[in-house]
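Chemist: Dropping in target_3.csv, which is CSV, C-alpha atoms and all ligand atoms:
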chain,number,residue,atom,x,y,z
A,1,MET,CA,0.0,0.0,0.0
A,2,ILE,CA,1.6,3.2,-1.2
A,3,THR,CA,1.0,6.5,0.7
A,4,VAL,CA,2.1,10.1,0.4
A,5,GLY,CA,3.9,11.9,3.2
A,6,ILE,CA,4.1,15.7,3.3
A,7,ASP,CA,6.3,17.7,5.7
A,8,VAL,CA,5.3,21.3,6.1
A,9,GLY,CA,8.1,23.4,7.5
A,10,GLY,CA,8.5,27.1,8.1
A,11,THR,CA,10.5,27.7,4.8
A,12,LYS,CA,9.7,24.6,2.6
A,13,ILE,CA,7.2,21.9,2.0
A,14,ALA,CA,8.7,18.5,1.3
A,15,GLY,CA,6.6,15.6,0.0
A,16,ALA,CA,7.2,12.0,-1.1
A,17,LEU,CA,5.6,8.9,-2.4
A,18,VAL,CA,6.5,6.2,0.2
A,19,SER,CA,6.3,2.4,0.0
A,20,GLU,CA,5.2,0.1,2.8
A,21,THR,CA,8.9,-0.5,3.6
A,22,GLY,CA,9.7,3.2,4.0
A,23,ASP,CA,11.4,3.6,0.7
A,24,ILE,CA,10.9,6.9,-1.1
A,25,LEU,CA,9.7,6.3,-4.6
A,26,LYS,CA,9.4,9.9,-5.7
A,27,SER,CA,9.9,13.3,-3.9
A,28,LEU,CA,9.2,17.0,-4.4
A,29,LYS,CA,10.1,20.2,-2.6
A,30,VAL,CA,8.5,23.7,-2.8
A,31,PRO,CA,8.9,26.9,-0.8
A,32,THR,CA,6.2,27.4,1.9
A,33,PRO,CA,3.7,30.2,0.9
A,34,ALA,CA,4.2,32.9,3.5
A,35,ASP,CA,1.3,33.8,5.9
A,36,ASN,CA,-1.5,32.5,3.8
A,37,THR,CA,-3.4,29.4,4.8
A,38,ASP,CA,-5.3,29.0,1.5
A,39,ASP,CA,-2.1,29.2,-0.5
A,40,LEU,CA,-0.5,26.7,1.8
A,41,ILE,CA,-3.4,24.2,1.4
A,42,THR,CA,-3.3,24.7,-2.4
A,43,ALA,CA,0.5,24.0,-2.4
A,44,VAL,CA,-0.1,20.7,-0.5
A,45,VAL,CA,-2.9,19.7,-2.8
A,46,GLU,CA,-0.8,20.3,-5.9
A,47,MET,CA,2.1,18.4,-4.4
A,48,VAL,CA,-0.1,15.4,-3.5
A,49,LYS,CA,-1.6,15.4,-7.0
A,50,GLU,CA,1.7,15.5,-8.7
A,51,LEU,CA,3.2,12.8,-6.5
A,52,SER,CA,0.3,10.4,-6.9
A,53,SER,CA,-0.4,10.8,-10.6
A,54,GLY,CA,-0.7,7.4,-12.2
A,55,GLN,CA,-0.5,5.7,-8.7
A,56,GLU,CA,-3.0,4.2,-6.4
A,57,VAL,CA,-2.5,6.1,-3.2
A,58,ALA,CA,-4.2,4.8,0.0
A,59,ALA,CA,-3.8,7.9,2.3
A,60,VAL,CA,-1.9,11.1,2.9
A,61,GLY,CA,0.0,12.0,6.0
A,62,VAL,CA,0.8,15.7,6.7
A,63,ALA,CA,3.4,16.5,9.3
A,64,ILE,CA,3.4,20.0,10.7
A,65,ALA,CA,5.2,21.8,13.4
A,66,GLY,CA,2.5,22.5,15.9
A,67,PHE,CA,-0.2,21.2,18.2
A,68,ILE,CA,-2.5,18.7,16.5
A,69,ASP,CA,-5.8,17.5,18.0
A,70,ALA,CA,-6.4,14.0,19.1
A,71,ASP,CA,-8.4,13.2,15.9
A,72,GLN,CA,-5.4,14.1,13.8
A,73,SER,CA,-7.6,16.5,11.9
A,74,GLU,CA,-7.1,20.0,13.2
A,75,VAL,CA,-4.0,22.2,13.6
A,76,ILE,CA,-4.7,23.8,17.0
A,77,TYR,CA,-1.7,26.0,17.0
A,78,SER,CA,1.4,26.3,14.8
A,79,PRO,CA,4.0,28.9,16.0
A,80,ASN,CA,5.7,29.3,12.6
A,81,LEU,CA,2.8,28.9,10.2
A,82,SER,CA,0.1,31.2,11.5
A,83,LEU,CA,-2.4,28.2,11.5
A,84,ARG,CA,-4.9,28.5,14.4
A,85,ASN,CA,-7.7,25.9,14.9
A,86,GLU,CA,-7.4,25.0,11.2
A,87,PRO,CA,-9.5,22.1,10.1
A,88,LEU,CA,-6.7,20.9,7.7
A,89,LYS,CA,-7.9,17.3,7.3
A,90,ALA,CA,-11.4,18.3,6.2
A,91,LYS,CA,-10.1,20.9,3.8
A,92,LEU,CA,-7.5,18.6,2.2
A,93,GLU,CA,-9.9,15.6,2.0
A,94,ALA,CA,-12.5,17.8,0.3
A,95,ARG,CA,-10.1,18.7,-2.4
A,96,LEU,CA,-8.2,15.4,-2.8
A,97,GLY,CA,-10.8,12.7,-2.2
A,98,ILE,CA,-8.3,10.6,-0.2
A,99,ASP,CA,-8.0,10.0,3.6
A,100,VAL,CA,-5.7,12.6,5.2
A,101,PHE,CA,-4.1,12.4,8.6
A,102,VAL,CA,-2.4,15.3,10.3
A,103,GLU,CA,0.6,14.7,12.6
A,104,ASN,CA,3.0,16.8,14.7
A,105,ASP,CA,6.3,16.9,12.7
A,106,ALA,CA,8.5,15.7,15.6
A,107,ASN,CA,6.1,12.8,16.2
A,108,ALA,CA,6.3,11.9,12.5
A,109,ALA,CA,10.1,12.0,12.5
A,110,GLY,CA,10.3,9.9,15.7
A,111,TRP,CA,8.0,7.3,14.2
A,112,ALA,CA,10.1,7.1,11.1
A,113,GLU,CA,13.3,6.5,13.1
A,114,TYR,CA,11.4,3.8,15.1
A,115,ARG,CA,10.1,2.0,12.0
A,116,PHE,CA,12.9,2.3,9.6
A,117,GLY,CA,15.8,4.2,11.1
A,118,ALA,CA,18.2,4.4,14.1
A,119,GLY,CA,15.5,3.3,16.6
A,120,LYS,CA,14.3,0.4,14.5
A,121,ASP,CA,12.7,-2.3,16.7
A,122,SER,CA,13.4,-0.3,20.0
A,123,ASP,CA,9.9,-0.6,21.4
A,124,HIS,CA,10.5,2.0,24.1
A,125,MET,CA,12.4,5.0,22.7
A,126,MET,CA,12.3,8.7,22.8
A,127,MET,CA,13.6,11.1,20.2
A,128,ILE,CA,14.8,14.7,20.6
A,129,THR,CA,14.8,16.8,17.5
A,130,ILE,CA,17.3,19.7,17.7
A,131,GLY,CA,16.6,22.2,14.9
A,132,THR,CA,15.3,25.7,15.0
A,133,GLY,CA,13.4,24.5,18.1
A,134,VAL,CA,13.5,21.4,20.2
A,135,GLY,CA,10.9,18.7,19.3
A,136,GLY,CA,10.1,15.4,21.0
A,137,ALA,CA,8.6,12.1,20.2
A,138,ILE,CA,7.9,9.1,22.4
A,139,VAL,CA,7.4,5.5,21.3
A,140,ALA,CA,6.1,3.3,24.2
A,141,LYS,CA,5.4,-0.4,23.7
A,142,GLY,CA,5.7,0.1,19.9
A,143,GLU,CA,3.0,2.8,19.8
A,144,LEU,CA,3.4,6.5,19.3
A,145,PHE,CA,2.5,8.3,22.5
A,146,ARG,CA,0.2,11.3,21.8
A,147,GLY,CA,-1.3,11.9,25.2
A,148,GLY,CA,-4.9,12.6,26.1
A,149,PHE,CA,-5.5,15.6,23.9
A,150,GLY,CA,-3.1,14.7,21.1
A,151,ILE,CA,-0.4,17.2,22.1
A,152,GLY,CA,1.9,15.2,24.4
A,153,ALA,CA,5.6,14.7,24.0
A,154,GLU,CA,6.4,18.4,23.7
A,155,LEU,CA,9.8,17.7,25.3
A,156,GLY,CA,11.2,21.1,24.2
A,157,HIS,CA,8.6,23.0,26.3
A,158,THR,CA,9.4,21.5,29.6
A,159,ASN,CA,10.8,23.9,32.2
A,160,PHE,CA,14.6,23.9,32.2
A,161,ILE,CA,15.5,27.2,34.0
A,162,GLN,CA,13.3,28.8,36.7
A,163,GLU,CA,12.2,32.2,35.4
A,164,GLY,CA,14.5,31.8,32.4
A,165,ARG,CA,14.4,33.2,28.8
A,166,PRO,CA,11.0,33.8,27.4
A,167,CYS,CA,9.7,31.2,24.9
A,168,GLY,CA,7.4,31.3,21.9
A,169,CYS,CA,4.9,29.1,23.8
A,170,GLY,CA,4.3,31.9,26.3
A,171,GLN,CA,6.3,30.4,29.2
A,172,ASN,CA,9.7,31.2,30.5
A,173,GLY,CA,12.8,29.0,30.7
A,174,CYS,CA,11.8,26.1,28.4
A,175,LEU,CA,14.5,23.6,27.3
A,176,GLU,CA,14.1,24.9,23.7
A,177,GLN,CA,15.5,28.2,24.8
A,178,TYR,CA,18.8,26.6,26.0
A,179,ALA,CA,19.2,23.7,23.6
A,180,SER,CA,17.9,24.6,20.1
A,181,GLY,CA,19.8,25.6,17.0
A,182,SER,CA,18.4,29.1,17.5
A,183,ALA,CA,19.7,29.2,21.0
A,184,LEU,CA,23.1,28.1,19.8
A,185,LEU,CA,23.2,30.7,17.2
A,186,ASP,CA,22.3,33.5,19.7
A,187,SER,CA,25.1,32.3,22.0
A,188,ALA,CA,27.5,32.3,19.1
A,189,LYS,CA,26.6,35.9,18.1
A,190,GLU,CA,27.1,36.9,21.8
A,191,LEU,CA,30.5,35.2,21.8
A,192,ALA,CA,31.5,36.7,18.5
A,193,ALA,CA,30.6,40.2,19.7
A,194,SER,CA,32.4,39.8,23.1
A,195,GLY,CA,35.8,40.7,21.6
A,196,THR,CA,37.4,37.8,23.5
A,197,LEU,CA,40.0,35.5,22.1
A,198,GLU,CA,37.4,32.7,22.4
A,199,GLY,CA,35.1,34.5,20.0
A,200,ALA,CA,37.7,35.6,17.6
A,201,ARG,CA,37.2,32.8,15.0
A,202,LEU,CA,33.4,33.4,14.9
A,203,ALA,CA,33.9,37.1,14.5
A,204,GLU,CA,36.4,36.4,11.7
A,205,LEU,CA,33.9,34.2,9.8
A,206,GLN,CA,31.3,37.0,9.9
A,207,SER,CA,32.4,40.6,10.7
A,208,GLU,CA,28.7,41.6,11.0
A,209,VAL,CA,28.1,39.5,14.1
A,210,ASP,CA,24.3,39.9,13.9
A,211,GLU,CA,24.5,38.2,10.5
A,212,LEU,CA,26.3,35.2,11.7
A,213,SER,CA,24.6,32.0,10.3
A,214,GLY,CA,24.2,28.5,11.4
A,215,THR,CA,26.4,27.3,8.5
A,216,GLU,CA,29.2,29.6,9.8
A,217,VAL,CA,28.9,28.3,13.4
A,218,TYR,CA,29.0,24.8,12.0
A,219,LYS,CA,32.1,25.6,10.0
A,220,ALA,CA,33.8,26.8,13.2
A,221,ILE,CA,32.7,23.5,14.9
A,222,THR,CA,34.2,21.4,12.2
A,223,GLU,CA,37.5,23.4,12.5
A,224,SER,CA,37.5,22.5,16.2
A,225,ASP,CA,37.3,26.2,17.2
A,226,PRO,CA,37.3,26.1,21.0
A,227,GLY,CA,34.6,28.8,21.3
A,228,ALA,CA,32.1,27.1,19.0
A,229,LEU,CA,32.9,23.7,20.5
A,230,ARG,CA,32.3,25.0,24.0
A,231,LEU,CA,28.8,26.3,23.0
A,232,LEU,CA,27.9,22.9,21.3
A,233,ASN,CA,29.2,21.1,24.4
A,234,GLU,CA,27.0,23.3,26.7
A,235,LEU,CA,24.0,22.6,24.4
A,236,GLY,CA,24.6,18.9,24.6
A,237,THR,CA,25.0,19.1,28.4
A,238,ASN,CA,21.6,20.9,28.6
A,239,ILE,CA,19.9,18.2,26.5
A,240,GLY,CA,21.6,15.4,28.6
A,241,LYS,CA,20.5,16.9,31.8
A,242,ALA,CA,16.9,17.2,30.6
A,243,VAL,CA,16.7,13.7,29.2
A,244,ALA,CA,17.8,12.3,32.5
A,245,SER,CA,14.6,13.7,33.9
A,246,PHE,CA,12.6,12.4,31.0
A,247,ALA,CA,14.2,9.0,31.5
A,248,ALA,CA,13.0,9.0,35.1
A,249,ILE,CA,9.4,9.2,33.8
A,250,LEU,CA,9.6,7.2,30.7
A,251,ASP,CA,12.4,4.6,31.3
A,252,PRO,CA,13.2,4.4,27.5
A,253,LYS,CA,15.8,2.0,26.2
A,254,MET,CA,17.0,4.4,23.6
A,255,LEU,CA,17.4,8.1,22.8
A,256,VAL,CA,17.5,9.0,19.1
A,257,VAL,CA,18.9,12.5,18.5
A,258,GLY,CA,17.7,14.1,15.3
A,259,GLY,CA,17.2,17.5,13.6
A,260,GLY,CA,19.7,19.7,11.8
A,261,LEU,CA,22.2,19.7,14.7
A,262,SER,CA,22.6,15.9,14.8
A,263,VAL,CA,25.0,16.2,11.8
A,264,ALA,CA,27.6,17.2,14.5
A,265,GLY,CA,27.5,13.5,15.5
A,266,GLU,CA,29.7,12.5,18.4
A,267,LEU,CA,30.6,16.1,19.2
A,268,LEU,CA,27.0,16.5,20.2
A,269,LEU,CA,26.2,12.9,21.4
A,270,ALA,CA,29.2,12.7,23.8
A,271,PRO,CA,28.1,15.6,26.1
A,272,ILE,CA,24.5,14.4,26.0
A,273,ARG,CA,25.6,10.9,27.2
A,274,GLU,CA,27.8,12.4,29.9
A,275,ALA,CA,25.2,14.8,31.3
A,276,TYR,CA,22.5,12.2,31.1
A,277,LEU,CA,24.5,9.7,33.2
A,278,ASN,CA,25.6,12.5,35.6
A,279,HIS,CA,22.0,13.4,36.3
A,280,LEU,CA,20.3,10.0,36.1
A,281,PRO,CA,18.4,9.3,39.3
A,282,ALA,CA,19.5,6.1,41.1
A,283,ARG,CA,22.4,5.9,38.7
A,284,GLY,CA,24.2,2.5,39.0
A,285,TYR,CA,21.0,0.9,40.0
A,286,ARG,CA,19.0,1.2,36.8
A,287,PRO,CA,19.7,0.2,33.3
A,288,GLU,CA,21.0,3.0,31.1
A,289,MET,CA,19.6,3.8,27.7
A,290,THR,CA,21.7,4.0,24.5
A,291,VAL,CA,22.1,7.4,22.8
A,292,VAL,CA,22.3,7.4,19.0
A,293,ALA,CA,22.1,9.8,16.1
A,294,ALA,CA,19.0,9.7,13.9
A,295,SER,CA,19.6,8.1,10.5
A,296,LEU,CA,16.9,9.4,8.3
A,297,ILE,CA,17.5,13.1,9.0
A,298,ASN,CA,15.9,15.1,6.1
A,299,ASP,CA,13.5,12.3,5.1
A,300,ALA,CA,12.2,11.4,8.6
A,301,GLY,CA,9.2,13.8,8.5
A,302,VAL,CA,7.8,12.6,5.1
A,303,VAL,CA,8.5,8.9,5.7
A,304,GLY,CA,7.0,9.0,9.2
A,305,ALA,CA,3.9,10.9,8.1
A,306,ALA,CA,3.3,8.5,5.2
A,307,ASP,CA,3.7,5.4,7.4
A,308,LEU,CA,1.4,6.8,10.1
A,309,ALA,CA,-1.2,7.6,7.5
A,310,ARG,CA,-1.0,4.0,6.1
A,311,ARG,CA,-1.5,2.6,9.6
A,312,ALA,CA,-4.4,5.0,10.5
A,313,SER,CA,-6.1,4.3,7.2
A,314,ALA,CA,-5.8,0.6,7.6
A,315,GLN,CA,-7.4,0.8,11.1
A,316,ARG,CA,-10.5,2.6,9.9
B,401,ZN,ZN,8.2,26.9,25.5
Is it possible to express this structure as C-alpha cells?
Ligand SMILES: [Zn+2]
Modeler:
Amino acid sequence: MITVGIDVGGTKIAGALVSETGDILKSLKVPTPADNTDDLITAVVEMVKELSSGQEVAAVGVAIAGFIDADQSEVIYSPNLSLRNEPLKAKLEARLGIDVFVENDANAAGWAEYRFGAGKDSDHMMMITIGTGVGGAIVAKGELFRGGFGIGAELGHTNFIQEGRPCGCGQNGCLEQYASGSALLDSAKELAASGTLEGARLAELQSEVDELSGTEVYKAITESDPGALRLLNELGTNIGKAVASFAAILDPKMLVVGGGLSVAGELLLAPIREAYLNHLPARGYRPEMTVVAASLINDAGVVGAADLARRASAQR
C-alpha cells in the first residue's frame, strides 16, 4: 500500500511517495507560501496530485510543526505557520478525495526512526529533534504516544531554568531556549561580539556578528574552534540533563537525537551521554539507555507521516 507523506516546514514543504517498507519512490520540494493558509493548502494539494499521478495512493499524512488535536484533523496552533484551529484534514480531503491524517512533525520524525531508522525495533524509545526549536517524540510499547488531547511529548517545552528566557509558547525557561539551533546561534553571536580570544574565529567568519549564520557556526565547529565547541558542548549538556529527567518518567531503552544539529555526530552525542549519566536518578541501580544519532535526517518527516497515514487508514 503506497501512501504520500508531506512535511510542512517554516520555509519549505517536502513531499514523497513512500512504499510500505519506508522507501521513497518519488519526492518533491517547494517553498512554503508565507502567511496565507489558503495558498499553503493549495500547495499541499498540488504536491499530492503530482506525487500520486498514475499511482493508487491509500492515504496522505501531513506533518506540521505545531499542536495537532487527538483526531489528527485540526492544527490547533502552529508557531511558525500562523495556523490556528485550522481544520486541515477536512479541507484537504474535500479537495483530494483521499484519507488525510495530520501529525506533529517531531512525532512523524520519531515514528520514522522507530520504524525504519536508528530506533528500529526499539519498542521503548524517545527522540529529541534539535533544529530551529527542540521537538520530542515518544514511542512506548511500539506505539506513538500522543497523550490525552493529542499534544503530548512536547519535550522542548518542559521547564529547564526557573524564570528563564521567554519562549514562543508563552512560558519562560523552556528547554528549547537553551538547547535549540536558534539558542546556539544566539550564544555564538554573543560570543563573536564579546571581543574575547574565544570569540575571535566566529567574528572572523562573519564581521557583522548579527549576520552570523548556522552554517558559519557549524564551520567553526568542524574546524575545532574552541569557542564554538564549548557552545555545542553546553547545548549537549543541557539536553543530557533534561533527558535524565525524561528517563526518570519514561524509562526508555534508547534516545535518538535528530534534527539539523545531529550532523555534529559524536561532538553532540558525547556531552549528551555524559550529562544524562551524571543526572540520572539512582544511577548505577538502573539500566542505562543508549544514545544514538538519527539516521533518516531530512526524510524522517515525510517517511513517518506516510507510514502513520498508512496505519491510520488501515485501522479505519
Ligand atoms: Zn516553550
Chemist: Let me have all residues with an atom within 8 Å of ligand ZN 401 (chain B), counting only C-alpha atoms and all ligand atoms, laid out as a PDB file with C-alpha atoms, in the coordinates of the input.
Modeler:
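Wrote out-v1.pdb, looks like this:
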ATOM      1  CA  GLY A 156      11.200  21.100  24.200  1.00  0.00           C
ATOM      2  CA  HIS A 157       8.600  23.000  26.300  1.00  0.00           C
ATOM      3  CA  THR A 158       9.400  21.500  29.600  1.00  0.00           C
ATOM      4  CA  ASN A 159      10.800  23.900  32.200  1.00  0.00           C
ATOM      5  CA  PRO A 166      11.000  33.800  27.400  1.00  0.00           C
ATOM      6  CA  CYS A 167       9.700  31.200  24.900  1.00  0.00           C
ATOM      7  CA  GLY A 168       7.400  31.300  21.900  1.00  0.00           C
ATOM      8  CA  CYS A 169       4.900  29.100  23.800  1.00  0.00           C
ATOM      9  CA  GLY A 170       4.300  31.900  26.300  1.00  0.00           C
ATOM     10  CA  GLN A 171       6.300  30.400  29.200  1.00  0.00           C
ATOM     11  CA  ASN A 172       9.700  31.200  30.500  1.00  0.00           C
ATOM     12  CA  GLY A 173      12.800  29.000  30.700  1.00  0.00           C
ATOM     13  CA  CYS A 174      11.800  26.100  28.400  1.00  0.00           C
ATOM     14  CA  LEU A 175      14.500  23.600  27.300  1.00  0.00           C
ATOM     15  CA  GLU A 176      14.100  24.900  23.700  1.00  0.00           C
ATOM     16  CA  GLN A 177      15.500  28.200  24.800  1.00  0.00           C
TER      17      GLN A 177
END
Chemist: Find the residue from A:Ser73, A:Ser194, A:Thr290, A:Gln162 that sits nearest to Val60 of chain A; use only C-alpha atoms when measuring.
Modeler: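 Under the stated criterion, the closest residue is A:Ser73.
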Chemist: Could you check which residues have any atom within 12 Å of (35.7, 32.7, 20.8), counting all atoms listed in the file with coordinates taken straight from the file, and then list them as an MDAnalysis selection string?
Modeler: chainID A and resid 187:205 217 220:221 224:231
Chemist: So, with all atoms listed in the file as the atoms that count, which of A:Leu81, A:Phe160, A:Asp69, A:Gln55 lies closest to Asn36 of chain A?
Modeler: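 That would be A:Leu81, the residue with the smallest distance to Asn36 of chain A.
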Chemist: Using Å and a single decimal, report how far atom CA of Ala275 of chain A sits from atom CA of Ser245 of chain A.
Modeler: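 Taking atom CA of Ser245 of chain A and atom CA of Ala275 of chain A, their separation equals 11.0 Å.
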Chemist: Can you pull out every residue within 8 Å of Ile2 of chain A, counting all atoms listed in the file, but drop anything in the same chain fewer than 5 positions away, and send it as a PDB file with C-alpha atoms, in the coordinates of the input?
Modeler:
ATOM      1  CA  LEU A  17       5.600   8.900  -2.400  1.00  0.00           C
ATOM      2  CA  VAL A  18       6.500   6.200   0.200  1.00  0.00           C
ATOM      3  CA  SER A  19       6.300   2.400   0.000  1.00  0.00           C
ATOM      4  CA  GLU A  20       5.200   0.100   2.800  1.00  0.00           C
ATOM      5  CA  GLU A  56      -3.000   4.200  -6.400  1.00  0.00           C
ATOM      6  CA  VAL A  57      -2.500   6.100  -3.200  1.00  0.00           C
ATOM      7  CA  ALA A  58      -4.200   4.800   0.000  1.00  0.00           C
ATOM      8  CA  ALA A  59      -3.800   7.900   2.300  1.00  0.00           C
ATOM      9  CA  ARG A 310      -1.000   4.000   6.100  1.00  0.00           C
TER      10      ARG A 310
END
Chemist: Between A:Lys12, A:Arg165, A:Arg316, A:Lys49, which one has atoms that come closest to Phe101 of chain A, using all atoms listed in the file?
Modeler: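 The shortest atom-to-atom distance to Phe101 of chain A comes from A:Arg316.
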Chemist: For atom CA of Lys91 of chain A and atom CA of Val30 of chain A, determine how far apart the two atoms are, in Å to one decimal place.
Modeler: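 Atom-to-atom, atom CA of Lys91 of chain A to atom CA of Val30 of chain A, that is 19.9 Å.
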Chemist: Which residue gives the smallest distance to Val257 of chain A among A:Gln206, A:Ser295, A:Ser213, A:Asn278, with all atoms listed in the file counted?
Modeler: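 Closest candidate: A:Ser295.
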Chemist: Taking all atoms listed in the file into account, which of A:Ala264, A:Glu103, A:Tyr114, A:Glu50 comes nearest Glu223 of chain A?
Modeler: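 For Glu223 of chain A, the nearest of the given residues is A:Ala264.
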Chemist: Out of A:Asp251, A:Leu185, A:Ala34, A:Ala153, which residue has the shortest atom-to-atom distance to Glu216 of chain A when counting only C-alpha atoms?
Modeler: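 Among the listed residues, the smallest separation from Glu216 of chain A belongs to A:Leu185.
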Chemist: I'd like the neighbourhood of His279 of chain A as a list in words, where a residue qualifies if any of its atoms comes within 8 Å (using all atoms listed in the file), though same-chain residues fewer than 6 positions away should be ignored.
Modeler: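 Here the qualifying residues turn out to be Gly240, Lys241, Ala244 and Ser245 of chain A.
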Chemist: Quick one: distance from atom CA of Pro79 of chain A to atom CA of Ala248 of chain A in Å, one decimal?
Modeler: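 Separation of atom CA of Pro79 of chain A and atom CA of Ala248 of chain A: 29.0 Å.
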Chemist: Counting all atoms listed in the file, find the residues whose atoms lie at most 9 Å from (12.5, 23.3, 20.1) (file coordinates) and write them out as JSON, numbers by chain.
Modeler: {"A": [128, 129, 130, 131, 132, 133, 134, 135, 136, 154, 155, 156, 157, 174, 175, 176, 177, 179, 180, 181, 182]}
Chemist: As a short mmCIF file (atom, residue, chain, number, x, y, z; two decimals), in the frame of the given file, could you write out segment 108-133 of chain A once it has been completed with N, CA and C atoms?
Modeler:
data_model
loop_
_atom_site.label_atom_id
_atom_site.label_comp_id
_atom_site.auth_asym_id
_atom_site.auth_seq_id
_atom_site.Cartn_x
_atom_site.Cartn_y
_atom_site.Cartn_z
N ALA A 108 6.15 12.56 13.74
CA ALA A 108 6.30 11.90 12.50
C ALA A 108 7.79 11.43 12.31
N ALA A 109 8.71 12.33 12.65
CA ALA A 109 10.10 12.00 12.50
C ALA A 109 10.53 10.88 13.48
N GLY A 110 10.03 10.95 14.71
CA GLY A 110 10.30 9.90 15.70
C GLY A 110 9.80 8.56 15.26
N TRP A 111 8.59 8.58 14.69
CA TRP A 111 8.00 7.30 14.20
C TRP A 111 8.81 6.73 13.09
N ALA A 112 9.29 7.56 12.18
CA ALA A 112 10.10 7.10 11.10
C ALA A 112 11.40 6.44 11.58
N GLU A 113 12.01 7.05 12.57
CA GLU A 113 13.30 6.50 13.10
C GLU A 113 12.97 5.14 13.80
N TYR A 114 11.81 5.05 14.45
CA TYR A 114 11.40 3.80 15.10
C TYR A 114 11.14 2.69 14.08
N ARG A 115 10.44 3.03 13.03
CA ARG A 115 10.10 2.00 12.00
C ARG A 115 11.19 1.63 11.10
N PHE A 116 11.95 2.64 10.65
CA PHE A 116 12.90 2.30 9.60
C PHE A 116 14.34 2.86 9.83
N GLY A 117 14.55 3.57 10.92
CA GLY A 117 15.80 4.20 11.10
C GLY A 117 16.62 3.77 12.33
N ALA A 118 17.26 4.72 13.01
CA ALA A 118 18.20 4.40 14.10
C ALA A 118 17.50 3.72 15.29
N GLY A 119 16.19 3.94 15.44
CA GLY A 119 15.50 3.30 16.60
C GLY A 119 14.72 2.09 16.20
N LYS A 120 15.05 1.52 15.03
CA LYS A 120 14.30 0.40 14.50
C LYS A 120 14.21 -0.74 15.56
N ASP A 121 13.00 -1.17 15.80
CA ASP A 121 12.70 -2.30 16.70
C ASP A 121 12.98 -1.94 18.20
N SER A 122 13.27 -0.68 18.55
CA SER A 122 13.40 -0.30 20.00
C SER A 122 12.04 0.11 20.45
N ASP A 123 11.29 -0.82 21.04
CA ASP A 123 9.90 -0.60 21.40
C ASP A 123 9.62 0.52 22.38
N HIS A 124 10.67 0.87 23.13
CA HIS A 124 10.50 2.00 24.10
C HIS A 124 11.66 2.98 23.78
N MET A 125 11.35 3.99 23.01
CA MET A 125 12.40 5.00 22.70
C MET A 125 11.84 6.39 22.74
N MET A 126 12.73 7.33 22.91
CA MET A 126 12.30 8.70 22.80
C MET A 126 13.25 9.38 21.78
N MET A 127 12.73 10.39 21.12
CA MET A 127 13.60 11.10 20.20
C MET A 127 13.51 12.60 20.53
N ILE A 128 14.68 13.22 20.44
CA ILE A 128 14.80 14.70 20.60
C ILE A 128 15.22 15.22 19.27
N THR A 129 14.48 16.17 18.74
CA THR A 129 14.80 16.80 17.50
C THR A 129 15.38 18.16 17.73
N ILE A 130 16.66 18.37 17.42
CA ILE A 130 17.30 19.70 17.70
C ILE A 130 17.47 20.41 16.38
N GLY A 131 16.56 21.33 16.11
CA GLY A 131 16.60 22.20 14.90
C GLY A 131 16.45 23.59 15.34
N THR A 132 15.61 24.32 14.60
CA THR A 132 15.30 25.70 15.00
C THR A 132 14.75 25.68 16.42
N GLY A 133 13.88 24.72 16.70
CA GLY A 133 13.40 24.50 18.10
C GLY A 133 13.84 23.17 18.58
#
